[in-house]
Amino acid sequence: MGSCGSSYVRRTVPISPTVSPPHFLGHANANNNNNTDFPEDTYSRGQPQRDQNTPEKCNKARDLSLSDVTNGNHVRQVSKRDSPSQVLGEVVVCKEWDLQGSLARSNDNGRCSWISSASKASLSDFRSKKNMFEFWEVAEQNKKNSNVEKPSTKRQLSNESTQNFRVVKKPTVRKDISYTVEASTLSILPGERKTSMVGRKSRKDLFHDPKVFRRVDNHVLAASKQLKTEKVHSVQKITQCITQGAQSNLERVRAIWIWLCHNIEYDISGYLGLSEKLCLPEQVIEAGKGVCCGYSRLCLEMCRVLGIQCVEISGHGKGIGYRLGQNYQNTKSNHMWNAVQLGGQWFLLDACWGAGTVDIGTRTFTKRYDEFYFLPDPETFIDSHCPDDCQWQLTDSPISLEDFELSVFKTSEFYRLGISLISPKSLHLLTVSGEAVISLGCSAPLEFTYQILQQSEHNPQDLSSSFGLLTVSRKGMNLKLLPPVGGIYDIMVFARPALSQGNFSWVCTFQVECQEPKPSEERPENPFLSWGLQQSAKDLGIKDCSHGIEPFTTESGTFELILHTMKPLMVLCELVHKDLDPSLAKRCVASQIEEEKITCHVLCPFHGYYRFSVFVKDFEGEGSYQNAGNFLIQCTGTTTNLNELFPPSLSPACGPGVKTRKAGISKPSHSGPIISTQQGKCNITFHIPQDVELTAVLAKEQMHNNKQTLNRYVLLTYTDSKITVSVSLPQAGIYRLGLFAKTSSIKDFSHVCDYVLKCSSEQPGTPFPSTFSAWKKGCVLFEPRSGTLEPHSWVRFRIRVPGAQKVCVVGETRTELQLNKSRVWEGEIFTGGASSELKMAAKFSSETSNLDVIMSFEVMGLQTEL
């Protein structure tokens with residue numbers, strides 16, 4: 001918990017895309033007290049107190065055994081004549097010991113390196129000096145006088161140092177408290193090892209999965225309840241009880257960790273200075289709470305009971321009160337944690353951060369166990385914990401405090417979800433040409449989202465996600481940021497497992513500085529997280545598409561998106577623009593569904609940016625539509641006239657595709673769903689099975705001064721295996737031609753596809769003749785094609801009627817047509833003027849004299865003129 005608090009205030013974002021992620025509360029704590037200023041009780045530490053006046057990037061490392069014993073105080077030999085009051089508050093060494101001093105320095109890179117003293121000061125010299133600083137002066141002088149440069153050797157303790165020594169300091173609350181520390185626990189320091197960190201064991205080498213501790217964890221949790229019931233506050237009794245049955249030091253450390261995380265709460269009141277900070281083990285156990293030093297000291301004491309080497313480590317933690325890029329130079333350390341030795345190697349752990357999270361704004365602690373802080377790898381732990389002594393980073397290449405300040409802020413969820421940092425490598429990044437890019441990798445498919453906070457003098461301002469373009473793949477994410485104005489922005493990134501229904505977790509934060517914003521139009525919000533194809537698209541049956549994250553610029557006011565599919569899919573589309581009404585937006589999209597392809601035709605009636613979202617589901621499935629992709633369109637040139645949008649109530653299945661194939665309709669003459677005609681006429685042909693019957697319905701939103709029904713402008717002509725849909729459009733405009741099919745076994749027609757007909761002809765088309773039931777397969781009208789005839793005129797008729805024995809035209813008179821060698825009935829007919837209609841009829845059976853009407857024509861008059 002930064003400042004002796006939890007690692008961070010864990011954030012979660014609801015799955016609902018309409019809810020923005022929470023604000024980053026890194027600035028919430030103004031009272032950043034240093035909780036390592038605890039009472040003067042005696043415990044070993046892994047490093048000395050930081051020199052606040054030293055500007056080096058990495059503190060000078062002092063001799064561990066000396067720092068643990070002296071803690072920077074004067075050391076003197078105690079005689080029997082000294083009274084308790086004379087030594088109270090000073091470190092008392094109860095056994096004589098000797099050592100070879102080891103001096104530390106910082107190299108040019110700000111990293112710690114160790115050199116041994118060139119000479120060995122005798123115990124008598126040590127006793128004769130008033131303080132330890134004079135001892136070091138003597139050692140340095142002896143080195144100079146020797147005139148011999150000796151090689152650097154590892155610091156050695158005398159034989160006496162392996163014995164126990166007793167350390168007593170004046171406590172704040174109880175004056176009778178004393179602890180015995182094994183000198184052997186101080187004999188090994190990370191920097192003293194000659195082996196490289198490259199060969200060190202990782203956490204996975206110790207255990208691959210925390211489930212291996214299930215038996216230990218269950219025992220600790222059960223024992224904890226019993227210990228609470230019995231009100232046991234003894235460190236030794238609790239430690240022995242919870243580690244009963246543990247078979248290794250690893251399991252014993254695990255038991256201590258689990259007990260601490262589940263039985264000690266963070267003391268917010270103590271952190272804020274509203275009550276005494278609890279650090280002494282018995283106090284922490286009895287109260288059930290403590291600040292970071294309470295966790296670390298209790299861990300230290302419990303390990304001592306078991307003979308496990310453990311030290312406390314002080315340093316800086318990015319927790320409560322942390323601000324992005326915070327400067328820690330010349331400031332007191334604000335956190336404490338532990339290191340334990342297992343198998344001759346040091347491992348880190350922080351039970352304080354593993355126990356839960358703190359919301360400093362509401363002053364509440366939330367129990368939330370975090371497995372990450374149990375023996376994490378040093379390379380990941382350093383992102384949030386920087387020890388005062390850089391050797392306790394436990395890495396081959398320790399980083400400086402400045403590098404720690406500039407490192408990207410990552411939460412434990414960052415590593416739990418298997419995320420890796422691609423770019424930038426540091427917390428702070430500058431925009432280039434008004435843009436900045438953040439890239440993350442992932443070991444398993446994840447979903448990402450983000451929040452943009454603009455820094456201000458008061459509270460950060462939550463900006464629209466439209467100022468970022470996020471694209472996600474199975475291998476990671478890429479976020480392009482386009483700040484609207486100059487300034488500083490905090491970018492919070494959230495993630496969750498792909499296709500999960502859980503909340504998003506905060507994983508990392510960056511800081512973007514924009515000095516020269518790039519002028520840009522407002523982009524639409526994207527509630528579906530990312531641009532381009534969703535990484536779940538393949539699971540939904542989509543292989544790839546024609547466009548990605550980059551905005552598609554159109555100068556013609558149209559856009560075409562092609563999705564290549566692995567199976568037939570149903571599709572729904574959504575088009576969003578700040579000036580576009582949702583009802584009109586539905587008329588801006590026409591989609592065609594084929595076996596292995598979905599083509600979406602989009603119209604742009606306004607300039608600016610559009611969000612185009614695609615939703616799919618299995619063609620035969622009953623499930624719900626799922627978002628498969630979101631695309632950004634920018635219209636910069638000609639826009640589509642609002643009067644030229646697609647017809648209303650257009651089917652999602654336009655043009656020939658899966659439905660026409662299932663109906664047996666094949667080989668269309670027009671493979672696309674949109675047909676443009678400058679003459680106002682077109683013929684669409686298909687091949688159909690013998691048992692399939694097709695019909696067509698023509699529709700237009702508005703018709704002006706047209707007295708004929710639109711069905712008169714469509715004529716279907718059947719041949720042996722082909723059907724022709726002839727269309728003659730009465731006015732310029734946009735039409736919907738719906739095709740319906742049925743088989744001999746099904747009585748009702750079902751919709752198979754829609755065509756969009758765009759007519760630009762100023763010359764109105766004429767209607768076709770009205771057809772009746774005798775108009776069947778094989779019937780072909782050659783002349784006249786128009787269903788309206790001029791009065792008092794001769795008109796040539798030519799028609800093929802299979803199976804007819806006689807064909808005639810009935811008007812004022814009855815005129816029989818003659819069958820020619822091509823099996824076509826033909827003849828000249830006078831329209832007359834008295835009658836308003838001519839009927840063509842045929843006789844199909846010799847057993848009856850009845851005639852079946854095939855079709856009728858209107859003779860133009862005052863009532864029928866267009």
# chains A, B, ... in the order shown; residues from 1 in each chain; ligands from 1
call {"tool": "select_by_dssp", "arguments": {"residues": "region 379-625 of chain A", "states": "helix (DSSP H, G or I)", "output": "PyMOL selection string"}}
result
chain A and resi 379-381+390-393+401-406+412-416+465-467+537-540+582-588
call {"tool": "residues_around", "arguments": {"residues": "region 678-686 of chain A", "least_positions_apart": "4", "cutoff": "9 Å", "atoms": "only C-alpha atoms", "output": "mmCIF file with all heavy atoms, in the first residue's frame"}}
result
data_model
loop_
_atom_site.group_PDB
_atom_site.id
_atom_site.type_symbol
_atom_site.label_atom_id
_atom_site.label_comp_id
_atom_site.auth_asym_id
_atom_site.auth_seq_id
_atom_site.Cartn_x
_atom_site.Cartn_y
_atom_site.Cartn_z
ATOM 1 N N ILE A 665 -32.432 -21.010 -56.456
ATOM 2 C CA ILE A 665 -32.261 -19.963 -57.468
ATOM 3 C C ILE A 665 -30.766 -19.736 -57.672
ATOM 4 O O ILE A 665 -30.024 -19.526 -56.712
ATOM 5 C CB ILE A 665 -32.952 -18.666 -57.019
ATOM 6 C CG1 ILE A 665 -34.439 -18.936 -56.741
ATOM 7 C CG2 ILE A 665 -32.784 -17.575 -58.042
ATOM 8 C CD1 ILE A 665 -35.157 -17.762 -56.110
ATOM 9 N N SER A 666 -30.313 -19.742 -58.910
ATOM 10 C CA SER A 666 -28.881 -19.654 -59.183
ATOM 11 C C SER A 666 -28.610 -18.815 -60.427
ATOM 12 O O SER A 666 -29.526 -18.381 -61.125
ATOM 13 C CB SER A 666 -28.297 -21.061 -59.351
ATOM 14 O OG SER A 666 -28.897 -21.711 -60.462
ATOM 15 N N LYS A 667 -27.347 -18.604 -60.694
ATOM 16 C CA LYS A 667 -26.856 -17.903 -61.871
ATOM 17 C C LYS A 667 -27.579 -16.575 -62.117
ATOM 18 O O LYS A 667 -28.172 -16.349 -63.168
ATOM 19 C CB LYS A 667 -26.975 -18.791 -63.110
ATOM 20 C CG LYS A 667 -26.149 -20.070 -63.028
ATOM 21 C CD LYS A 667 -26.278 -20.896 -64.294
ATOM 22 C CE LYS A 667 -25.455 -22.175 -64.206
ATOM 23 N NZ LYS A 667 -25.579 -23.020 -65.422
ATOM 24 N N PRO A 668 -27.549 -15.673 -61.159
ATOM 25 C CA PRO A 668 -28.216 -14.386 -61.359
ATOM 26 C C PRO A 668 -27.470 -13.541 -62.389
ATOM 27 O O PRO A 668 -26.234 -13.566 -62.460
ATOM 28 C CB PRO A 668 -28.167 -13.742 -59.976
ATOM 29 C CG PRO A 668 -26.964 -14.341 -59.334
ATOM 30 C CD PRO A 668 -26.882 -15.753 -59.843
ATOM 31 N N SER A 669 -28.212 -12.796 -63.168
ATOM 32 C CA SER A 669 -27.579 -11.894 -64.135
ATOM 33 C C SER A 669 -26.962 -10.686 -63.444
ATOM 34 O O SER A 669 -26.034 -10.078 -63.964
ATOM 35 C CB SER A 669 -28.609 -11.419 -65.163
ATOM 36 O OG SER A 669 -29.663 -10.721 -64.513
ATOM 37 N N HIS A 670 -27.471 -10.322 -62.280
ATOM 38 C CA HIS A 670 -26.956 -9.202 -61.496
ATOM 39 C C HIS A 670 -26.536 -9.758 -60.134
ATOM 40 O O HIS A 670 -27.385 -10.088 -59.305
ATOM 41 C CB HIS A 670 -28.007 -8.101 -61.333
ATOM 42 C CG HIS A 670 -28.383 -7.435 -62.619
ATOM 43 N ND1 HIS A 670 -29.144 -8.055 -63.589
ATOM 44 C CD2 HIS A 670 -28.088 -6.194 -63.115
ATOM 45 C CE1 HIS A 670 -29.317 -7.238 -64.611
ATOM 46 N NE2 HIS A 670 -28.683 -6.106 -64.356
ATOM 47 N N SER A 721 -35.920 -23.376 -67.820
ATOM 48 C CA SER A 721 -35.156 -23.395 -66.560
ATOM 49 C C SER A 721 -34.729 -21.997 -66.128
ATOM 50 O O SER A 721 -33.851 -21.848 -65.292
ATOM 51 C CB SER A 721 -33.903 -24.264 -66.719
ATOM 52 O OG SER A 721 -33.064 -23.749 -67.730
ATOM 53 N N LYS A 722 -35.362 -21.005 -66.704
ATOM 54 C CA LYS A 722 -34.945 -19.643 -66.427
ATOM 55 C C LYS A 722 -36.159 -18.753 -66.250
ATOM 56 O O LYS A 722 -37.214 -18.980 -66.840
ATOM 57 C CB LYS A 722 -34.063 -19.134 -67.574
ATOM 58 C CG LYS A 722 -33.371 -17.806 -67.274
ATOM 59 C CD LYS A 722 -32.193 -17.547 -68.215
ATOM 60 C CE LYS A 722 -32.619 -17.125 -69.584
ATOM 61 N NZ LYS A 722 -31.465 -16.658 -70.405
ATOM 62 N N ILE A 723 -35.982 -17.728 -65.415
ATOM 63 C CA ILE A 723 -37.015 -16.722 -65.224
ATOM 64 C C ILE A 723 -36.386 -15.356 -65.406
ATOM 65 O O ILE A 723 -35.245 -15.110 -64.981
ATOM 66 C CB ILE A 723 -37.679 -16.842 -63.837
ATOM 67 C CG1 ILE A 723 -38.804 -15.805 -63.702
ATOM 68 C CG2 ILE A 723 -36.658 -16.686 -62.715
ATOM 69 C CD1 ILE A 723 -39.622 -15.949 -62.424
ATOM 70 N N THR A 724 -37.135 -14.481 -66.065
ATOM 71 C CA THR A 724 -36.687 -13.106 -66.277
ATOM 72 C C THR A 724 -37.655 -12.164 -65.580
ATOM 73 O O THR A 724 -38.868 -12.221 -65.795
ATOM 74 C CB THR A 724 -36.632 -12.763 -67.765
ATOM 75 O OG1 THR A 724 -35.720 -13.650 -68.415
ATOM 76 C CG2 THR A 724 -36.174 -11.327 -67.979
ATOM 77 N N VAL A 725 -37.104 -11.317 -64.717
ATOM 78 C CA VAL A 725 -37.895 -10.293 -64.044
ATOM 79 C C VAL A 725 -37.636 -8.989 -64.780
ATOM 80 O O VAL A 725 -36.542 -8.421 -64.704
ATOM 81 C CB VAL A 725 -37.516 -10.169 -62.563
ATOM 82 C CG1 VAL A 725 -38.384 -9.113 -61.877
ATOM 83 C CG2 VAL A 725 -37.643 -11.516 -61.858
ATOM 84 N N SER A 726 -38.653 -8.543 -65.509
ATOM 85 C CA SER A 726 -38.541 -7.295 -66.272
ATOM 86 C C SER A 726 -39.146 -6.164 -65.458
ATOM 87 O O SER A 726 -40.247 -6.302 -64.907
ATOM 88 C CB SER A 726 -39.252 -7.421 -67.613
ATOM 89 O OG SER A 726 -38.677 -8.467 -68.382
ATOM 90 N N VAL A 727 -38.437 -5.059 -65.408
ATOM 91 C CA VAL A 727 -38.886 -3.908 -64.613
ATOM 92 C C VAL A 727 -38.852 -2.675 -65.494
ATOM 93 O O VAL A 727 -37.889 -2.418 -66.215
ATOM 94 C CB VAL A 727 -37.984 -3.706 -63.377
ATOM 95 C CG1 VAL A 727 -38.499 -2.535 -62.545
ATOM 96 C CG2 VAL A 727 -37.910 -4.969 -62.539
ATOM 97 N N SER A 728 -39.938 -1.905 -65.436
ATOM 98 C CA SER A 728 -40.035 -0.614 -66.116
ATOM 99 C C SER A 728 -40.441 0.413 -65.067
ATOM 100 O O SER A 728 -41.567 0.351 -64.545
ATOM 101 C CB SER A 728 -41.052 -0.678 -67.257
ATOM 102 O OG SER A 728 -41.208 0.583 -67.862
ATOM 103 N N LEU A 729 -39.569 1.346 -64.764
ATOM 104 C CA LEU A 729 -39.786 2.258 -63.635
ATOM 105 C C LEU A 729 -40.495 3.528 -64.099
ATOM 106 O O LEU A 729 -40.060 4.168 -65.066
ATOM 107 C CB LEU A 729 -38.450 2.593 -62.979
ATOM 108 C CG LEU A 729 -37.676 1.363 -62.462
ATOM 109 C CD1 LEU A 729 -36.299 1.770 -61.966
ATOM 110 C CD2 LEU A 729 -38.453 0.639 -61.371
ATOM 111 N N PRO A 730 -41.564 3.914 -63.418
ATOM 112 C CA PRO A 730 -42.374 5.054 -63.869
ATOM 113 C C PRO A 730 -41.745 6.414 -63.594
ATOM 114 O O PRO A 730 -42.071 7.388 -64.267
ATOM 115 C CB PRO A 730 -43.666 4.885 -63.080
ATOM 116 C CG PRO A 730 -43.258 4.171 -61.837
ATOM 117 C CD PRO A 730 -42.141 3.248 -62.243
ATOM 118 N N GLN A 731 -40.860 6.495 -62.564
ATOM 119 C CA GLN A 731 -40.274 7.786 -62.187
ATOM 120 C C GLN A 731 -38.818 7.582 -61.780
ATOM 121 O O GLN A 731 -38.391 6.472 -61.463
ATOM 122 C CB GLN A 731 -41.042 8.399 -61.003
ATOM 123 C CG GLN A 731 -42.496 8.693 -61.272
ATOM 124 C CD GLN A 731 -43.202 9.192 -60.020
ATOM 125 O OE1 GLN A 731 -42.580 9.375 -58.976
ATOM 126 N NE2 GLN A 731 -44.516 9.417 -60.132
ATOM 127 N N ALA A 732 -38.088 8.675 -61.797
ATOM 128 C CA ALA A 732 -36.722 8.623 -61.277
ATOM 129 C C ALA A 732 -36.789 8.454 -59.758
ATOM 130 O O ALA A 732 -37.734 8.902 -59.102
ATOM 131 C CB ALA A 732 -35.970 9.898 -61.647
ATOM 132 N N LYS A 758 -31.968 1.964 -58.757
ATOM 133 C CA LYS A 758 -31.759 3.412 -58.781
ATOM 134 C C LYS A 758 -31.998 3.898 -60.207
ATOM 135 O O LYS A 758 -31.245 3.574 -61.127
ATOM 136 C CB LYS A 758 -30.339 3.743 -58.315
ATOM 137 C CG LYS A 758 -30.020 3.213 -56.917
ATOM 138 C CD LYS A 758 -28.580 3.482 -56.514
ATOM 139 C CE LYS A 758 -28.349 4.948 -56.268
ATOM 140 N NZ LYS A 758 -26.985 5.193 -55.730
ATOM 141 N N CYS A 759 -33.066 4.668 -60.382
ATOM 142 C CA CYS A 759 -33.455 5.154 -61.702
ATOM 143 C C CYS A 759 -33.127 6.635 -61.835
ATOM 144 O O CYS A 759 -33.572 7.448 -61.020
ATOM 145 C CB CYS A 759 -34.945 4.918 -61.931
ATOM 146 S SG CYS A 759 -35.552 5.580 -63.488
ATOM 147 N N SER A 760 -32.360 6.967 -62.856
ATOM 148 C CA SER A 760 -32.015 8.367 -63.100
ATOM 149 C C SER A 760 -32.672 8.896 -64.372
ATOM 150 O O SER A 760 -32.391 10.019 -64.788
ATOM 151 C CB SER A 760 -30.487 8.510 -63.198
ATOM 152 O OG SER A 760 -29.971 7.691 -64.232
ATOM 153 N N SER A 761 -33.558 8.105 -65.010
ATOM 154 C CA SER A 761 -34.197 8.509 -66.265
ATOM 155 C C SER A 761 -35.312 9.520 -66.001
ATOM 156 O O SER A 761 -36.131 9.343 -65.097
ATOM 157 C CB SER A 761 -34.768 7.283 -66.975
ATOM 158 O OG SER A 761 -35.500 7.673 -68.115
ATOM 159 N N GLU A 762 -35.324 10.558 -66.820
ATOM 160 C CA GLU A 762 -36.390 11.548 -66.724
ATOM 161 C C GLU A 762 -37.602 11.123 -67.537
ATOM 162 O O GLU A 762 -38.691 11.681 -67.379
ATOM 163 C CB GLU A 762 -35.884 12.908 -67.198
ATOM 164 C CG GLU A 762 -34.743 13.474 -66.360
ATOM 165 C CD GLU A 762 -35.159 13.755 -64.916
ATOM 166 O OE1 GLU A 762 -36.362 14.017 -64.691
ATOM 167 O OE2 GLU A 762 -34.282 13.706 -64.030
ATOM 168 N N GLN A 763 -37.438 10.157 -68.432
ATOM 169 C CA GLN A 763 -38.535 9.671 -69.258
ATOM 170 C C GLN A 763 -39.253 8.547 -68.513
ATOM 171 O O GLN A 763 -38.657 7.517 -68.235
ATOM 172 C CB GLN A 763 -37.993 9.146 -70.593
ATOM 173 C CG GLN A 763 -39.074 8.705 -71.585
ATOM 174 C CD GLN A 763 -39.909 9.882 -72.087
ATOM 175 O OE1 GLN A 763 -39.409 11.011 -72.169
ATOM 176 N NE2 GLN A 763 -41.172 9.631 -72.409
ATOM 177 N N PRO A 764 -40.536 8.726 -68.194
ATOM 178 C CA PRO A 764 -41.231 7.703 -67.412
ATOM 179 C C PRO A 764 -41.417 6.413 -68.206
ATOM 180 O O PRO A 764 -41.688 6.424 -69.408
ATOM 181 C CB PRO A 764 -42.572 8.352 -67.084
ATOM 182 C CG PRO A 764 -42.768 9.374 -68.153
ATOM 183 C CD PRO A 764 -41.403 9.873 -68.511
ATOM 184 N N GLY A 765 -41.259 5.282 -67.518
ATOM 185 C CA GLY A 765 -41.505 3.993 -68.123
ATOM 186 C C GLY A 765 -42.991 3.687 -68.144
ATOM 187 O O GLY A 765 -43.775 4.247 -67.377
#
call {"tool": "residues_around", "arguments": {"residues": "region 239-247 of chain A", "least_positions_apart": "3", "cutoff": "10 Å", "atoms": "only C-alpha atoms", "output": "JSON list (two decimals) with C-alpha atoms, in the first residue's frame"}}
result
[["chain", "number", "residue", "atom", "x", "y", "z"],
["A", 213, "PHE", "CA", -0.77, -24.94, -1.63],
["A", 215, "ARG", "CA", -3.84, -28.18, 1.61],
["A", 216, "VAL", "CA", -1.70, -25.60, 3.42],
["A", 217, "ASP", "CA", -4.10, -22.74, 2.68],
["A", 219, "HIS", "CA", -5.35, -25.63, 7.11],
["A", 220, "VAL", "CA", -4.32, -22.02, 7.81],
["A", 221, "LEU", "CA", -7.83, -20.67, 7.24],
["A", 222, "ALA", "CA", -9.37, -23.33, 9.47],
["A", 223, "ALA", "CA", -6.75, -22.84, 12.19],
["A", 224, "SER", "CA", -7.22, -19.07, 12.05],
["A", 226, "GLN", "CA", -9.96, -21.54, 16.01],
["A", 227, "LEU", "CA", -7.19, -19.18, 17.11],
["A", 234, "SER", "CA", 1.13, -15.27, 20.95],
["A", 235, "VAL", "CA", 3.31, -15.06, 17.86],
["A", 236, "GLN", "CA", 4.95, -18.37, 18.69],
["A", 250, "LEU", "CA", 8.23, -22.93, 1.26],
["A", 251, "GLU", "CA", 5.01, -24.30, 2.75],
["A", 252, "ARG", "CA", 5.81, -22.66, 6.10],
["A", 253, "VAL", "CA", 6.33, -19.28, 4.45],
["A", 254, "ARG", "CA", 3.11, -19.85, 2.54],
["A", 255, "ALA", "CA", 1.25, -20.51, 5.79],
["A", 256, "ILE", "CA", 2.60, -17.28, 7.32],
["A", 258, "ILE", "CA", -1.92, -16.72, 4.08],
["A", 259, "TRP", "CA", -2.44, -16.01, 7.78],
["A", 299, "CYS", "CA", 6.19, -11.71, 9.13],
["A", 301, "GLU", "CA", 8.96, -12.56, 13.85],
["A", 302, "MET", "CA", 6.93, -15.53, 12.62],
["A", 303, "CYS", "CA", 9.80, -16.57, 10.36],
["A", 304, "ARG", "CA", 12.20, -16.22, 13.33],
["A", 305, "VAL", "CA", 10.08, -18.65, 15.31],
["A", 306, "LEU", "CA", 10.55, -21.21, 12.52]]
call {"tool": "residues_around", "arguments": {"residues": "region 660-664 of chain A", "least_positions_apart": "4", "cutoff": "12 Å", "atoms": "only C-alpha atoms", "output": "PyMOL selection string"}}
result
chain A and resi 568+592-595+619-620+653-656+668+671+686-694+721-722+738-743+746+749-754
call {"tool": "residues_around", "arguments": {"residues": "region 269-285 of chain A", "least_positions_apart": "2", "cutoff": "6 Å", "atoms": "only C-alpha atoms", "output": "list in words"}}
result
His233, Asp267, Ala287, Gly288, Lys289, Gly290, Cys293, Gly294 and Leu298 of chain A
call {"tool": "write_last_selection", "arguments": {"atoms": "N, CA, C and O atoms", "output": "PDB file, in the first residue's frame"}}
result
ATOM      1  N   HIS A 233      -2.951 -14.683  21.070  1.00  0.00           N
ATOM      2  CA  HIS A 233      -2.207 -13.541  20.535  1.00  0.00           C
ATOM      3  C   HIS A 233      -0.716 -13.776  20.535  1.00  0.00           C
ATOM      4  O   HIS A 233       0.055 -12.875  20.203  1.00  0.00           O
ATOM      5  N   ASP A 267      -4.525  -0.633   8.681  1.00  0.00           N
ATOM      6  CA  ASP A 267      -4.948   0.362   9.675  1.00  0.00           C
ATOM      7  C   ASP A 267      -4.963   1.744   9.031  1.00  0.00           C
ATOM      8  O   ASP A 267      -3.969   2.473   9.071  1.00  0.00           O
ATOM      9  N   ALA A 287      -5.109  -6.373  17.792  1.00  0.00           N
ATOM     10  CA  ALA A 287      -6.031  -5.444  17.130  1.00  0.00           C
ATOM     11  C   ALA A 287      -6.528  -5.985  15.801  1.00  0.00           C
ATOM     12  O   ALA A 287      -7.569  -5.552  15.301  1.00  0.00           O
ATOM     13  N   GLY A 288      -5.791  -6.913  15.220  1.00  0.00           N
ATOM     14  CA  GLY A 288      -6.169  -7.448  13.911  1.00  0.00           C
ATOM     15  C   GLY A 288      -5.946  -6.457  12.789  1.00  0.00           C
ATOM     16  O   GLY A 288      -6.530  -6.595  11.703  1.00  0.00           O
ATOM     17  N   LYS A 289      -5.071  -5.480  13.031  1.00  0.00           N
ATOM     18  CA  LYS A 289      -4.798  -4.488  12.002  1.00  0.00           C
ATOM     19  C   LYS A 289      -3.438  -3.862  12.251  1.00  0.00           C
ATOM     20  O   LYS A 289      -2.899  -3.903  13.361  1.00  0.00           O
ATOM     21  N   GLY A 290      -2.894  -3.247  11.202  1.00  0.00           N
ATOM     22  CA  GLY A 290      -1.617  -2.587  11.305  1.00  0.00           C
ATOM     23  C   GLY A 290      -1.273  -1.921   9.986  1.00  0.00           C
ATOM     24  O   GLY A 290      -1.909  -2.174   8.959  1.00  0.00           O
ATOM     25  N   CYS A 293       4.494  -1.618   8.303  1.00  0.00           N
ATOM     26  CA  CYS A 293       5.515  -2.158   9.186  1.00  0.00           C
ATOM     27  C   CYS A 293       4.932  -3.198  10.129  1.00  0.00           C
ATOM     28  O   CYS A 293       5.646  -4.089  10.600  1.00  0.00           O
ATOM     29  N   GLY A 294       3.635  -3.125  10.406  1.00  0.00           N
ATOM     30  CA  GLY A 294       2.995  -4.150  11.218  1.00  0.00           C
ATOM     31  C   GLY A 294       2.992  -5.492  10.516  1.00  0.00           C
ATOM     32  O   GLY A 294       3.273  -6.533  11.125  1.00  0.00           O
ATOM     33  N   LEU A 298       5.625  -8.531  11.751  1.00  0.00           N
ATOM     34  CA  LEU A 298       4.986  -9.769  12.166  1.00  0.00           C
ATOM     35  C   LEU A 298       5.471 -10.935  11.303  1.00  0.00           C
ATOM     36  O   LEU A 298       5.711 -12.038  11.799  1.00  0.00           O
TER      37      LEU A 298
END
call {"tool": "closest_residue", "arguments": {"among": "A:Asn627, A:Gln501, A:Thr565, A:Thr717", "to": "Lys597 (chain A)", "atoms": "only C-alpha atoms"}}
result
A:Thr565
call {"tool": "closest_residue", "arguments": {"among": "A:Ile491, A:Leu642, A:Ile268, A:Met477", "to": "Ile452 (chain A)", "atoms": "only C-alpha atoms"}}
result
A:Ile491
call {"tool": "select_by_dssp", "arguments": {"residues": "region 565-767 of chain A", "states": "strand (DSSP E)", "output": "PyMOL selection string"}}
result
chain A and resi 565+569-576+589-593+597-603+608-618+626-635+674-677+681-687+692-699+714-718+722-728+733-743+750-759
